[in-house]
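Novice: Just so it is clear, I am handing over protein23.pdb, which has PDB, C-alpha atoms.
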```pdb
ATOM      1  CA  MET S   1     -21.029  27.481  16.336
ATOM      2  CA  SER S   2     -21.033  28.131  20.070
ATOM      3  CA  PRO S   3     -18.045  30.055  21.484
ATOM      4  CA  GLU S   4     -17.075  27.238  23.885
ATOM      5  CA  THR S   5     -16.525  24.810  21.016
ATOM      6  CA  SER S   6     -12.990  23.553  21.490
ATOM      7  CA  ARG S   7     -10.452  23.855  18.724
ATOM      8  CA  SER S   8     -10.081  20.108  18.409
ATOM      9  CA  ALA S   9     -13.833  19.748  17.946
ATOM     10  CA  GLN S  10     -13.685  22.419  15.273
ATOM     11  CA  ALA S  11     -10.859  20.613  13.571
ATOM     12  CA  ARG S  12     -12.847  17.400  13.706
ATOM     13  CA  ARG S  13     -15.863  19.072  12.145
ATOM     14  CA  ALA S  14     -13.723  20.601   9.416
ATOM     15  CA  LEU S  15     -12.158  17.237   8.661
ATOM     16  CA  GLU S  16     -15.504  15.517   8.387
ATOM     17  CA  TRP S  17     -16.184  17.299   5.119
ATOM     18  CA  PRO S  18     -13.747  15.306   2.983
ATOM     19  CA  VAL S  19     -15.027  12.110   4.601
ATOM     20  CA  LEU S  20     -18.618  13.117   3.878
ATOM     21  CA  VAL S  21     -17.810  13.897   0.244
ATOM     22  CA  TRP S  22     -15.864  10.625  -0.162
ATOM     23  CA  LEU S  23     -18.600   8.458   1.371
ATOM     24  CA  THR S  24     -21.262  10.147  -0.733
ATOM     25  CA  LEU S  25     -19.149   9.602  -3.829
ATOM     26  CA  VAL S  26     -18.757   5.912  -2.967
ATOM     27  CA  TRP S  27     -22.510   5.580  -2.555
ATOM     28  CA  VAL S  28     -23.252   7.291  -5.861
ATOM     29  CA  LEU S  29     -20.611   5.237  -7.685
ATOM     30  CA  LEU S  30     -22.071   2.039  -6.277
ATOM     31  CA  TRP S  31     -25.418   2.966  -7.765
ATOM     32  CA  GLY S  32     -23.712   4.078 -10.953
ATOM     33  CA  GLU S  33     -25.898   7.107 -11.569
ATOM     34  CA  PHE S  34     -25.526  10.753 -10.620
ATOM     35  CA  THR S  35     -29.128  11.533  -9.725
ATOM     36  CA  VAL S  36     -30.375  13.976  -7.113
ATOM     37  CA  GLY S  37     -31.992  11.125  -5.191
ATOM     38  CA  ASN S  38     -28.766   9.118  -5.095
ATOM     39  CA  ILE S  39     -26.715  12.074  -3.947
ATOM     40  CA  LEU S  40     -29.225  12.993  -1.209
ATOM     41  CA  ALA S  41     -29.425   9.385  -0.001
ATOM     42  CA  GLY S  42     -25.621   9.253  -0.038
ATOM     43  CA  VAL S  43     -25.321  12.390   2.082
ATOM     44  CA  VAL S  44     -27.859  11.107   4.621
ATOM     45  CA  ILE S  45     -26.159   7.706   4.897
ATOM     46  CA  SER S  46     -22.703   9.304   5.094
ATOM     47  CA  ILE S  47     -23.781  11.516   7.994
ATOM     48  CA  ALA S  48     -25.201   8.458   9.742
ATOM     49  CA  ILE S  49     -21.954   6.533   9.215
ATOM     50  CA  ILE S  50     -19.828   9.414  10.503
ATOM     51  CA  ARG S  51     -22.072   9.744  13.578
ATOM     52  CA  VAL S  52     -22.149   6.033  14.361
ATOM     53  CA  PHE S  53     -18.463   5.288  13.622
ATOM     54  CA  PRO S  54     -16.541   8.423  14.528
ATOM     55  CA  LEU S  55     -12.845   8.248  13.623
ATOM     56  CA  PRO S  56     -10.022  10.267  15.075
ATOM     57  CA  PRO S  57      -9.151  13.082  12.697
ATOM     58  CA  ILE S  58      -5.997  12.764  10.628
ATOM     59  CA  ASP S  59      -3.921  15.896  10.877
ATOM     60  CA  PHE S  60      -3.026  17.076   7.447
ATOM     61  CA  THR S  61      -0.523  19.851   7.916
ATOM     62  CA  GLY S  62       1.251  19.539   4.602
ATOM     63  CA  ARG S  63       0.468  20.809   1.142
ATOM     64  CA  VAL S  64      -0.223  18.895  -2.009
ATOM     65  CA  HIS S  65       2.589  19.332  -4.515
ATOM     66  CA  PRO S  66       0.978  18.290  -7.818
ATOM     67  CA  TRP S  67       4.185  17.505  -9.704
ATOM     68  CA  ARG S  68       5.619  15.484  -6.809
ATOM     69  CA  LEU S  69       2.307  13.696  -6.437
ATOM     70  CA  ALA S  70       2.481  12.719 -10.100
ATOM     71  CA  VAL S  71       6.020  11.400  -9.492
ATOM     72  CA  LEU S  72       4.716   9.391  -6.502
ATOM     73  CA  VAL S  73       1.865   7.870  -8.502
ATOM     74  CA  TYR S  74       4.137   7.085 -11.450
ATOM     75  CA  ALA S  75       6.765   5.487  -9.191
ATOM     76  CA  PHE S  76       4.039   3.488  -7.458
ATOM     77  CA  PHE S  77       2.722   1.923 -10.645
ATOM     78  CA  ARG S  78       6.226   1.362 -12.014
ATOM     79  CA  ASP S  79       7.189  -0.424  -8.777
ATOM     80  CA  LEU S  80       3.930  -2.398  -8.804
ATOM     81  CA  VAL S  81       4.772  -3.739 -12.262
ATOM     82  CA  LEU S  82       8.427  -4.405 -11.388
ATOM     83  CA  SER S  83       7.654  -6.174  -8.118
ATOM     84  CA  SER S  84       4.893  -8.217  -9.764
ATOM     85  CA  ILE S  85       7.401  -9.377 -12.364
ATOM     86  CA  GLN S  86       9.939 -10.131  -9.618
ATOM     87  CA  VAL S  87       7.472 -12.171  -7.555
ATOM     88  CA  ALA S  88       6.100 -13.884 -10.673
ATOM     89  CA  GLY S  89       9.681 -14.851 -11.584
ATOM     90  CA  ILE S  90      10.205 -16.410  -8.153
ATOM     91  CA  VAL S  91       6.855 -18.227  -8.317
ATOM     92  CA  LEU S  92       7.682 -19.755 -11.684
ATOM     93  CA  ARG S  93      11.035 -21.146 -10.518
ATOM     94  CA  PHE S  94       9.435 -24.328  -9.288
ATOM     95  CA  GLY S  95      11.088 -26.042  -6.378
ATOM     96  CA  TYR S  96      12.840 -22.843  -5.321
ATOM     97  CA  GLN S  97      12.056 -21.255  -1.949
ATOM     98  CA  PRO S  98      13.505 -17.750  -1.634
ATOM     99  CA  VAL S  99      15.603 -16.671   1.342
ATOM    100  CA  ASN S 100      13.785 -13.738   2.927
ATOM    101  CA  SER S 101      14.655 -11.131   5.544
ATOM    102  CA  VAL S 102      12.978  -9.115   8.245
ATOM    103  CA  ILE S 103      14.451  -5.627   8.479
ATOM    104  CA  ILE S 104      13.717  -2.475  10.439
ATOM    105  CA  VAL S 105      13.727   0.911   8.760
ATOM    106  CA  PRO S 106      13.734   4.062  10.899
ATOM    107  CA  MET S 107      11.671   6.793   9.268
ATOM    108  CA  ARG S 108      12.617  10.434   8.995
ATOM    109  CA  THR S 109       9.101  11.813   8.692
ATOM    110  CA  ARG S 110       7.159  12.810  11.805
ATOM    111  CA  SER S 111       3.762  12.987  10.136
ATOM    112  CA  ASP S 112       1.146  10.313  10.814
ATOM    113  CA  LEU S 113      -0.264  10.581   7.326
ATOM    114  CA  ALA S 114       3.117  10.138   5.636
ATOM    115  CA  LEU S 115       3.922   7.218   7.933
ATOM    116  CA  MET S 116       0.631   5.550   7.052
ATOM    117  CA  MET S 117       0.981   6.138   3.330
ATOM    118  CA  THR S 118       4.567   4.920   3.278
ATOM    119  CA  SER S 119       3.533   1.772   5.160
ATOM    120  CA  GLU S 120       0.718   1.078   2.719
ATOM    121  CA  ILE S 121       2.871   1.638  -0.338
ATOM    122  CA  VAL S 122       5.702  -0.453   1.103
ATOM    123  CA  SER S 123       3.274  -3.351   1.586
ATOM    124  CA  LEU S 124       2.206  -3.185  -2.035
ATOM    125  CA  VAL S 125       5.344  -2.527  -3.916
ATOM    126  CA  PRO S 126       9.029  -3.111  -3.625
ATOM    127  CA  GLY S 127       9.117  -6.820  -2.758
ATOM    128  CA  SER S 128       8.216  -6.004   0.837
ATOM    129  CA  LEU S 129       5.437  -6.505   3.389
ATOM    130  CA  LEU S 130       4.787  -4.480   6.485
ATOM    131  CA  ILE S 131       4.948  -6.431   9.746
ATOM    132  CA  GLU S 132       4.843  -3.723  12.384
ATOM    133  CA  VAL S 133       4.818   0.047  12.691
ATOM    134  CA  SER S 134       6.247   1.598  15.805
ATOM    135  CA  ARG S 135       4.839   5.071  16.093
ATOM    136  CA  LYS S 136       6.859   5.662  19.249
ATOM    137  CA  ASP S 137      10.149   5.130  17.415
ATOM    138  CA  TRP S 138       8.867   6.060  13.944
ATOM    139  CA  THR S 139      10.233   2.789  12.675
ATOM    140  CA  LEU S 140       8.829   0.215  10.289
ATOM    141  CA  GLN S 141       9.490  -3.508  10.539
ATOM    142  CA  ILE S 142       9.327  -5.013   7.100
ATOM    143  CA  HIS S 143       9.495  -8.452   5.543
ATOM    144  CA  VAL S 144      11.468  -8.580   2.292
ATOM    145  CA  ILE S 145      11.256 -11.419  -0.198
ATOM    146  CA  GLU S 146      14.388 -12.887  -1.797
ATOM    147  CA  THR S 147      17.431 -11.387  -0.127
ATOM    148  CA  ASN S 148      20.453 -13.378  -1.173
ATOM    149  CA  ASP S 149      23.137 -11.237   0.457
ATOM    150  CA  ALA S 150      23.668  -8.181   2.660
ATOM    151  CA  ASP S 151      23.548  -5.903  -0.398
ATOM    152  CA  ASP S 152      19.981  -6.999  -1.138
ATOM    153  CA  VAL S 153      19.003  -6.166   2.448
ATOM    154  CA  GLU S 154      20.530  -2.697   2.197
ATOM    155  CA  ALA S 155      18.915  -2.129  -1.199
ATOM    156  CA  ALA S 156      15.518  -2.962   0.310
ATOM    157  CA  ARG S 157      16.104  -0.424   3.079
ATOM    158  CA  GLN S 158      17.092   2.209   0.506
ATOM    159  CA  ARG S 159      13.890   1.516  -1.446
ATOM    160  CA  VAL S 160      11.766   2.146   1.636
ATOM    161  CA  TRP S 161      13.565   5.424   2.291
ATOM    162  CA  ALA S 162      13.101   6.451  -1.333
ATOM    163  CA  GLU S 163       9.387   5.674  -1.002
ATOM    164  CA  GLU S 164       9.165   7.751   2.176
ATOM    165  CA  GLU S 165      10.916  10.616   0.432
ATOM    166  CA  ARG S 166       8.468  10.532  -2.485
ATOM    167  CA  VAL S 167       5.456  10.524  -0.115
ATOM    168  CA  VAL S 168       6.740  13.448   1.929
ATOM    169  CA  ARG S 169       7.753  15.447  -1.139
ATOM    170  CA  ALA S 170       4.243  14.952  -2.526
ATOM    171  CA  LEU S 171       2.212  15.705   0.608
ATOM    172  CA  GLY S 172       4.483  16.933   3.382
ATOM    173  CA  ASN S 173       4.971  20.317   4.997
ATOM    174  CA  ALA S 174       8.220  22.285   4.876
ATOM    175  CA  GLU S 175       9.486  20.829   8.164
ATOM    176  CA  ASP S 176       9.008  17.260   7.027
ATOM    177  CA  ILE S 177      10.642  17.949   3.679
ATOM    178  CA  ALA S 178      13.645  19.389   5.522
ATOM    179  CA  ARG S 179      13.836  16.166   7.579
ATOM    180  CA  ILE S 180      13.720  14.087   4.429
ATOM    181  CA  GLU S 181      16.740  15.909   3.085
ATOM    182  CA  GLN S 182      18.820  14.698   6.028
ATOM    183  CA  PRO S 183      20.682  11.420   5.575
ATOM    184  CA  PRO S 184      18.750   8.368   6.811
ATOM    185  CA  PRO S 185      18.990   7.783  10.570
ATOM    186  CA  ALA S 186      21.344   5.168  11.987
ATOM    187  CA  LEU S 187      19.943   1.791  12.941
ATOM    188  CA  PRO S 188      19.711   0.968  16.626
ATOM    189  CA  PRO S 189      22.724  -1.408  16.752
ATOM    190  CA  ALA S 190      21.914  -3.359  19.902
ATOM    191  CA  ARG S 191      18.757  -4.938  18.546
ATOM    192  CA  ARG S 192      20.159  -6.292  15.323
ATOM    193  CA  ALA S 193      19.651 -10.004  15.486
ATOM    194  CA  ASP S 194      21.561 -11.555  12.616
ATOM    195  CA  HIS S 195      21.059 -15.241  12.356
ATOM    196  CA  GLY S 196      23.807 -15.705   9.817
ATOM    197  CA  GLU S 197      23.413 -18.292   7.131
ATOM    198  CA  GLY S 198      19.885 -19.352   6.568
ATOM    199  CA  THR S 199      18.412 -20.188   9.949
ATOM    200  CA  SER S 200      15.362 -18.479  11.231
ATOM    201  CA  SER S 201      14.494 -19.513  14.735
TER     202      SER S 201
ATOM    203  CA  MET W 202      -6.809   1.079 -39.045
ATOM    204  CA  ASN W 203     -10.027   0.399 -37.243
ATOM    205  CA  LEU W 204     -10.205   2.091 -33.838
ATOM    206  CA  ASP W 205     -12.500  -0.588 -32.423
ATOM    207  CA  LEU W 206     -10.000  -3.258 -33.384
ATOM    208  CA  ILE W 207      -7.168  -1.469 -31.576
ATOM    209  CA  ARG W 208      -9.407  -1.150 -28.543
ATOM    210  CA  ASP W 209     -10.271  -4.826 -28.647
ATOM    211  CA  ILE W 210      -6.616  -5.833 -28.909
ATOM    212  CA  ALA W 211      -5.625  -3.570 -26.015
ATOM    213  CA  SER W 212      -8.521  -4.911 -23.962
ATOM    214  CA  ALA W 213      -7.658  -8.530 -24.744
ATOM    215  CA  PHE W 214      -4.020  -7.884 -23.836
ATOM    216  CA  CYS W 215      -5.001  -6.386 -20.447
ATOM    217  CA  LEU W 216      -7.448  -9.201 -19.684
ATOM    218  CA  LEU W 217      -5.008 -11.962 -20.599
ATOM    219  CA  VAL W 218      -2.025 -10.499 -18.752
ATOM    220  CA  GLY W 219      -4.256  -9.742 -15.761
ATOM    221  CA  ALA W 220      -5.629 -13.277 -15.676
ATOM    222  CA  PHE W 221      -2.096 -14.669 -16.044
ATOM    223  CA  LEU W 222      -0.890 -12.627 -13.056
ATOM    224  CA  ALA W 223      -3.852 -13.785 -10.960
ATOM    225  CA  LEU W 224      -2.923 -17.365 -11.898
ATOM    226  CA  ILE W 225       0.693 -16.712 -10.864
ATOM    227  CA  ALA W 226      -0.564 -15.418  -7.507
ATOM    228  CA  ALA W 227      -2.633 -18.577  -7.026
ATOM    229  CA  ILE W 228       0.303 -20.832  -7.952
ATOM    230  CA  GLY W 229       2.517 -18.887  -5.563
ATOM    231  CA  ILE W 230       0.110 -19.341  -2.673
ATOM    232  CA  ILE W 231       0.101 -23.101  -3.221
ATOM    233  CA  ARG W 232       3.776 -23.460  -4.046
ATOM    234  CA  PHE W 233       5.486 -21.443  -1.302
ATOM    235  CA  ASP W 234       6.045 -23.243   1.976
ATOM    236  CA  ASN W 235       5.553 -20.343   4.386
ATOM    237  CA  LEU W 236       3.090 -17.579   5.068
ATOM    238  CA  PHE W 237       5.307 -14.613   4.260
ATOM    239  CA  SER W 238       6.321 -15.758   0.805
ATOM    240  CA  ARG W 239       2.663 -16.562   0.173
ATOM    241  CA  MET W 240       1.576 -13.086   1.196
ATOM    242  CA  HIS W 241       4.039 -11.586  -1.288
ATOM    243  CA  ALA W 242       2.391 -13.634  -4.012
ATOM    244  CA  ALA W 243      -1.051 -12.638  -2.769
ATOM    245  CA  THR W 244      -0.357  -8.906  -2.778
ATOM    246  CA  LYS W 245       1.783  -7.913  -5.744
ATOM    247  CA  PRO W 246       0.832  -9.998  -8.813
ATOM    248  CA  GLN W 247      -2.739 -10.290  -7.548
ATOM    249  CA  VAL W 248      -3.249  -6.522  -7.246
ATOM    250  CA  LEU W 249      -1.654  -5.751 -10.607
ATOM    251  CA  GLY W 250      -3.625  -8.605 -12.182
ATOM    252  CA  LEU W 251      -6.908  -7.234 -10.890
ATOM    253  CA  LEU W 252      -6.031  -3.708 -12.032
ATOM    254  CA  LEU W 253      -5.244  -4.998 -15.528
ATOM    255  CA  ILE W 254      -8.494  -6.955 -15.696
ATOM    256  CA  LEU W 255     -10.419  -3.833 -14.646
ATOM    257  CA  MET W 256      -8.574  -1.869 -17.339
ATOM    258  CA  GLY W 257      -9.465  -4.494 -19.901
ATOM    259  CA  ILE W 258     -13.112  -4.278 -18.897
ATOM    260  CA  ALA W 259     -13.042  -0.479 -18.975
ATOM    261  CA  LEU W 260     -11.749  -0.525 -22.551
ATOM    262  CA  ARG W 261     -14.635  -2.717 -23.687
ATOM    263  CA  MET W 262     -17.364  -0.909 -21.782
ATOM    264  CA  GLU W 263     -20.439   0.354 -23.560
ATOM    265  CA  HIS W 264     -21.759   2.605 -20.802
ATOM    266  CA  TRP W 265     -19.417   5.077 -19.177
ATOM    267  CA  SER W 266     -21.608   5.068 -16.073
ATOM    268  CA  ASP W 267     -20.090   1.747 -14.975
ATOM    269  CA  LEU W 268     -16.593   3.213 -14.943
ATOM    270  CA  GLY W 269     -17.174   4.582 -11.439
ATOM    271  CA  LEU W 270     -17.733   1.097 -10.088
ATOM    272  CA  LEU W 271     -14.471  -0.138 -11.635
ATOM    273  CA  VAL W 272     -12.555   2.793 -10.148
ATOM    274  CA  LEU W 273     -14.114   1.966  -6.783
ATOM    275  CA  VAL W 274     -13.066  -1.691  -7.005
ATOM    276  CA  ALA W 275      -9.512  -0.618  -7.886
ATOM    277  CA  ALA W 276      -9.372   1.938  -5.063
ATOM    278  CA  PHE W 277     -10.584  -0.512  -2.430
ATOM    279  CA  GLN W 278      -8.226  -3.207  -3.643
ATOM    280  CA  LEU W 279      -5.298  -0.806  -3.294
ATOM    281  CA  LEU W 280      -6.476   0.292   0.152
ATOM    282  CA  THR W 281      -7.333  -3.087   1.645
ATOM    283  CA  ALA W 282      -4.749  -5.516   0.217
ATOM    284  CA  PRO W 283      -1.830  -4.019   2.199
ATOM    285  CA  VAL W 284      -3.911  -3.852   5.368
ATOM    286  CA  ALA W 285      -4.937  -7.495   5.093
ATOM    287  CA  ALA W 286      -1.338  -8.566   4.406
ATOM    288  CA  HIS W 287      -0.145  -6.478   7.342
ATOM    289  CA  MET W 288      -2.682  -7.947   9.779
ATOM    290  CA  LEU W 289      -1.835 -11.514   8.785
ATOM    291  CA  GLY W 290       1.915 -10.927   8.746
ATOM    292  CA  ARG W 291       1.873  -9.199  12.095
ATOM    293  CA  ALA W 292      -0.249 -11.862  13.764
ATOM    294  CA  VAL W 293       1.980 -14.668  12.495
ATOM    295  CA  TYR W 294       5.208 -12.835  13.262
ATOM    296  CA  ARG W 295       4.120 -12.188  16.846
ATOM    297  CA  THR W 296       2.738 -15.602  17.646
ATOM    298  CA  GLY W 297       5.596 -17.479  16.018
ATOM    299  CA  ASP W 298       5.473 -19.141  12.648
ATOM    300  CA  LYS W 299       4.916 -22.892  12.535
ATOM    301  CA  GLU W 300       6.411 -23.089   9.057
ATOM    302  CA  PRO W 301       9.098 -20.402   9.174
ATOM    303  CA  ASP W 302      10.790 -19.057   6.082
ATOM    304  CA  GLU W 303      14.521 -19.013   5.667
ATOM    305  CA  ARG W 304      15.764 -15.586   6.712
ATOM    306  CA  LEU W 305      19.095 -13.935   6.023
ATOM    307  CA  VAL W 306      18.580 -11.318   8.753
ATOM    308  CA  ASP W 307      15.823 -10.948  11.322
ATOM    309  CA  GLU W 308      15.912  -7.477  12.849
ATOM    310  CA  GLN W 309      13.770  -6.594  15.856
ATOM    311  CA  LEU W 310      12.155  -3.291  16.691
ATOM    312  CA  PRO W 311      13.626  -1.489  19.707
ATOM    313  CA  ASP W 312      11.469  -2.086  22.791
TER     314      ASP W 312
END
```
Could you write out this structure as structure tokens?
Specialist:
Amino acid sequence: MSPETSRSAQARRALEWPVLVWLTLVWVLLWGEFTVGNILAGVVISIAIIRVFPLPPIDFTGRVHPWRLAVLVYAFFRDLVLSSIQVAGIVLRFGYQPVNSVIIVPMRTRSDLALMMTSEIVSLVPGSLLIEVSRKDWTLQIHVIETNDADDVEAARQRVWAEEERVVRALGNAEDIARIEQPPPALPPARRADHGEGTSS
Amino acid sequence: MNLDLIRDIASAFCLLVGAFLALIAAIGIIRFDNLFSRMHAATKPQVLGLLLILMGIALRMEHWSDLGLLVLVAAFQLLTAPVAAHMLGRAVYRTGDKEPDERLVDEQLPD
């Protein structure tokens, strides 16, 4: 490596390795056989893909905590089952349209990876869908199904914070974990637009 | 007790529950009157339903080499379903919903 190689370029090269391994694995799995030819073809195609579609590197500054990761995965599948049952219950009450809510949840983490993972998990599990992520304010805007009163809205917010906490405890660095242990940040009060009983526009 | 029988029962259970959840998702998409409720139906029961069907298939598989493909399908479903729901939800939320859902609160991001 030449001495003038910048640190960011080095970081990018280092981070290409997991991508290369992942893409090769995908290729081999698609063919369904671990043969030398498949693996070589996979490596060649992966390099081509990385060259043609370069992505900005994701900074991973945390550590993997295996036990916490297991807790995260367990909680994810538990929530997936629970929210599927919840949504299935709503679907089967024919003629009933749930009252939903759009809420904002300020995040405590300052890691891009944790923000992304929390957003993805929130979309899949606890009765919620991601509408918008503000990276500037580190805030998620989330759509929640079936909120009958203010308690349901607050419970949804608490679930998102719990999800964030599990993600950071599984993959975060010490700084982020310290942030997670703080109480959740206050909501920006000026922008709360309550529409009161059941109107939406 | 026959081990194959237990495997068959477990597999049948996964396949049936998975298919039932996929049906629920389809009913939900037709039945709900707005995009957001529909997207909830299209993400949660649908994803769990697919995972259960894949599990049911995995239990009945004769060649372990196909397991990789099933894992890949599951992984991409988990990665792409939230992204698709997010893109749709965001587009509709920003452009204004023609068939809005009833909302208890509607909080906006700070500018």
Novice: Can you give me, as a VMD selection string, the residues this file yields under the PyMOL selection byres ((chain W and resi 229-242) around 9)?
Specialist: (chain S and resid 84 87 to 88 90 to 92 94 to 98 100 123 to 124 127 to 129 143 to 146) or (chain W and resid 224 to 228 243 to 247 286 289 to 290 293 298 to 302)
Novice: Place a sphere of radius 10 Å on (-7.2, -4.0, -19.5) in the file coordinates and name every protein, DNA or RNA residue with an atom inside or on its surface, counting all atoms listed in the file; give the answer as a count of residues only.
Specialist: 24
Novice: So which one's closest to chain W, S:Val28, S:Ala170, S:Leu69, S:Val44? Using all atoms listed in the file, please.
Specialist: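 Once distances to chain W are computed over all atoms listed in the file, the minimum belongs to S:Val28.
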Novice: Got a sec: who's within 10 Å of Ile45 of chain S, counting only C-alpha atoms, leaving out chain neighbours fewer than 3 positions off, as a list in words?
Specialist: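 Residues meeting the cut-off are Leu20, Leu23, Thr24, Trp27, Ile39, Leu40, Ala41, Gly42, Ala48, Ile49, Ile50 and Arg51 of chain S.
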Novice: Tell me, counting all atoms listed in the file, for each residue of chain W within 6 Å of chain S, which pair of atoms is nearest and how far apart they are in Å to one decimal, in rows ordered by chain and increasing number, as a Markdown table.
Specialist:
```
| residue | atom | partner | partner_atom | distance |
| --- | --- | --- | --- | --- |
| W:Gly229 | CA | S:Val91 | CA | 5.2 |
| W:Lys245 | CA | S:Ser84 | CA | 5.1 |
| W:Pro246 | CA | S:Ser84 | CA | 4.5 |
| W:Ser266 | CA | S:Gly32 | CA | 5.6 |
| W:Asp267 | CA | S:Gly32 | CA | 5.9 |
| W:Gly269 | CA | S:Leu29 | CA | 5.1 |
| W:Leu270 | CA | S:Leu29 | CA | 5.6 |
| W:Pro283 | CA | S:Ser123 | CA | 5.2 |
| W:His287 | CA | S:Leu130 | CA | 5.4 |
| W:Gly290 | CA | S:Ile131 | CA | 5.5 |
| W:Arg291 | CA | S:Ile131 | CA | 4.8 |
| W:Glu303 | CA | S:Val99 | CA | 5.0 |
| W:Arg304 | CA | S:Asn100 | CA | 4.7 |
| W:Leu305 | CA | S:Ser101 | CA | 5.3 |
| W:Val306 | CA | S:Asp194 | CA | 4.9 |
| W:Asp307 | CA | S:Val102 | CA | 4.6 |
| W:Glu308 | CA | S:Ile103 | CA | 5.0 |
| W:Gln309 | CA | S:Arg191 | CA | 5.9 |
```
Novice: Would you compute the distance between atom CA of Ala75 of chain S and atom CA of Glu163 of chain S? Give it in Å to one decimal.
Specialist: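 According to the coordinates, atom CA of Ala75 of chain S and atom CA of Glu163 of chain S are separated by 8.6 Å.
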Novice: Could you check how far atom CA of Thr109 of chain S sits from atom CA of Pro184 of chain S, in Å to one decimal?
Specialist: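 Separation between atom CA of Thr109 of chain S and atom CA of Pro184 of chain S: 10.4 Å.
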Novice: For the provided coordinates, the residues matched by the PyMOL selection byres ((chain S and resi 165) around 12) should be stated as a PyMOL selection string.
Specialist: chain S and resi 68-69+71-72+75+107-109+114-115+117-118+158-164+166-172+176-184
Novice: Have a look at atom CA of Trp22 of chain S and atom CA of Arg78 of chain S and let me know their distance in Å, one decimal.
Specialist: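 Interatomic distance here is 26.7 Å.
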Novice: N, CA and C atoms for segment 74-86 of chain S, written as a short mmCIF file (atom, residue, chain, number, x, y, z; two decimals), keeping the file's coordinate frame, could you do that?
Specialist:
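Now in selection.cif:
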```cif
data_model
loop_
_atom_site.label_atom_id
_atom_site.label_comp_id
_atom_site.auth_asym_id
_atom_site.auth_seq_id
_atom_site.Cartn_x
_atom_site.Cartn_y
_atom_site.Cartn_z
N TYR S 74 3.40 7.78 -10.39
CA TYR S 74 4.14 7.08 -11.45
C TYR S 74 5.06 6.03 -10.85
N ALA S 75 5.81 6.42 -9.81
CA ALA S 75 6.76 5.49 -9.19
C ALA S 75 6.02 4.30 -8.60
N PHE S 76 4.81 4.56 -8.06
CA PHE S 76 4.04 3.49 -7.46
C PHE S 76 3.67 2.44 -8.50
N PHE S 77 3.14 2.90 -9.64
CA PHE S 77 2.72 1.92 -10.64
C PHE S 77 3.92 1.25 -11.31
N ARG S 78 5.02 1.98 -11.48
CA ARG S 78 6.23 1.36 -12.01
C ARG S 78 6.70 0.25 -11.07
N ASP S 79 6.74 0.57 -9.75
CA ASP S 79 7.19 -0.42 -8.78
C ASP S 79 6.23 -1.60 -8.70
N LEU S 80 4.92 -1.31 -8.86
CA LEU S 80 3.93 -2.40 -8.80
C LEU S 80 4.19 -3.39 -9.94
N VAL S 81 4.48 -2.85 -11.13
CA VAL S 81 4.77 -3.74 -12.26
C VAL S 81 6.08 -4.49 -12.02
N LEU S 82 7.12 -3.76 -11.59
CA LEU S 82 8.43 -4.40 -11.39
C LEU S 82 8.36 -5.48 -10.31
N SER S 83 7.67 -5.18 -9.19
CA SER S 83 7.65 -6.17 -8.12
C SER S 83 6.75 -7.34 -8.48
N SER S 84 5.71 -7.09 -9.29
CA SER S 84 4.89 -8.22 -9.76
C SER S 84 5.72 -9.15 -10.63
N ILE S 85 6.55 -8.55 -11.51
CA ILE S 85 7.40 -9.38 -12.36
C ILE S 85 8.40 -10.15 -11.50
N GLN S 86 8.96 -9.47 -10.50
CA GLN S 86 9.94 -10.13 -9.62
C GLN S 86 9.30 -11.33 -8.92
#
```
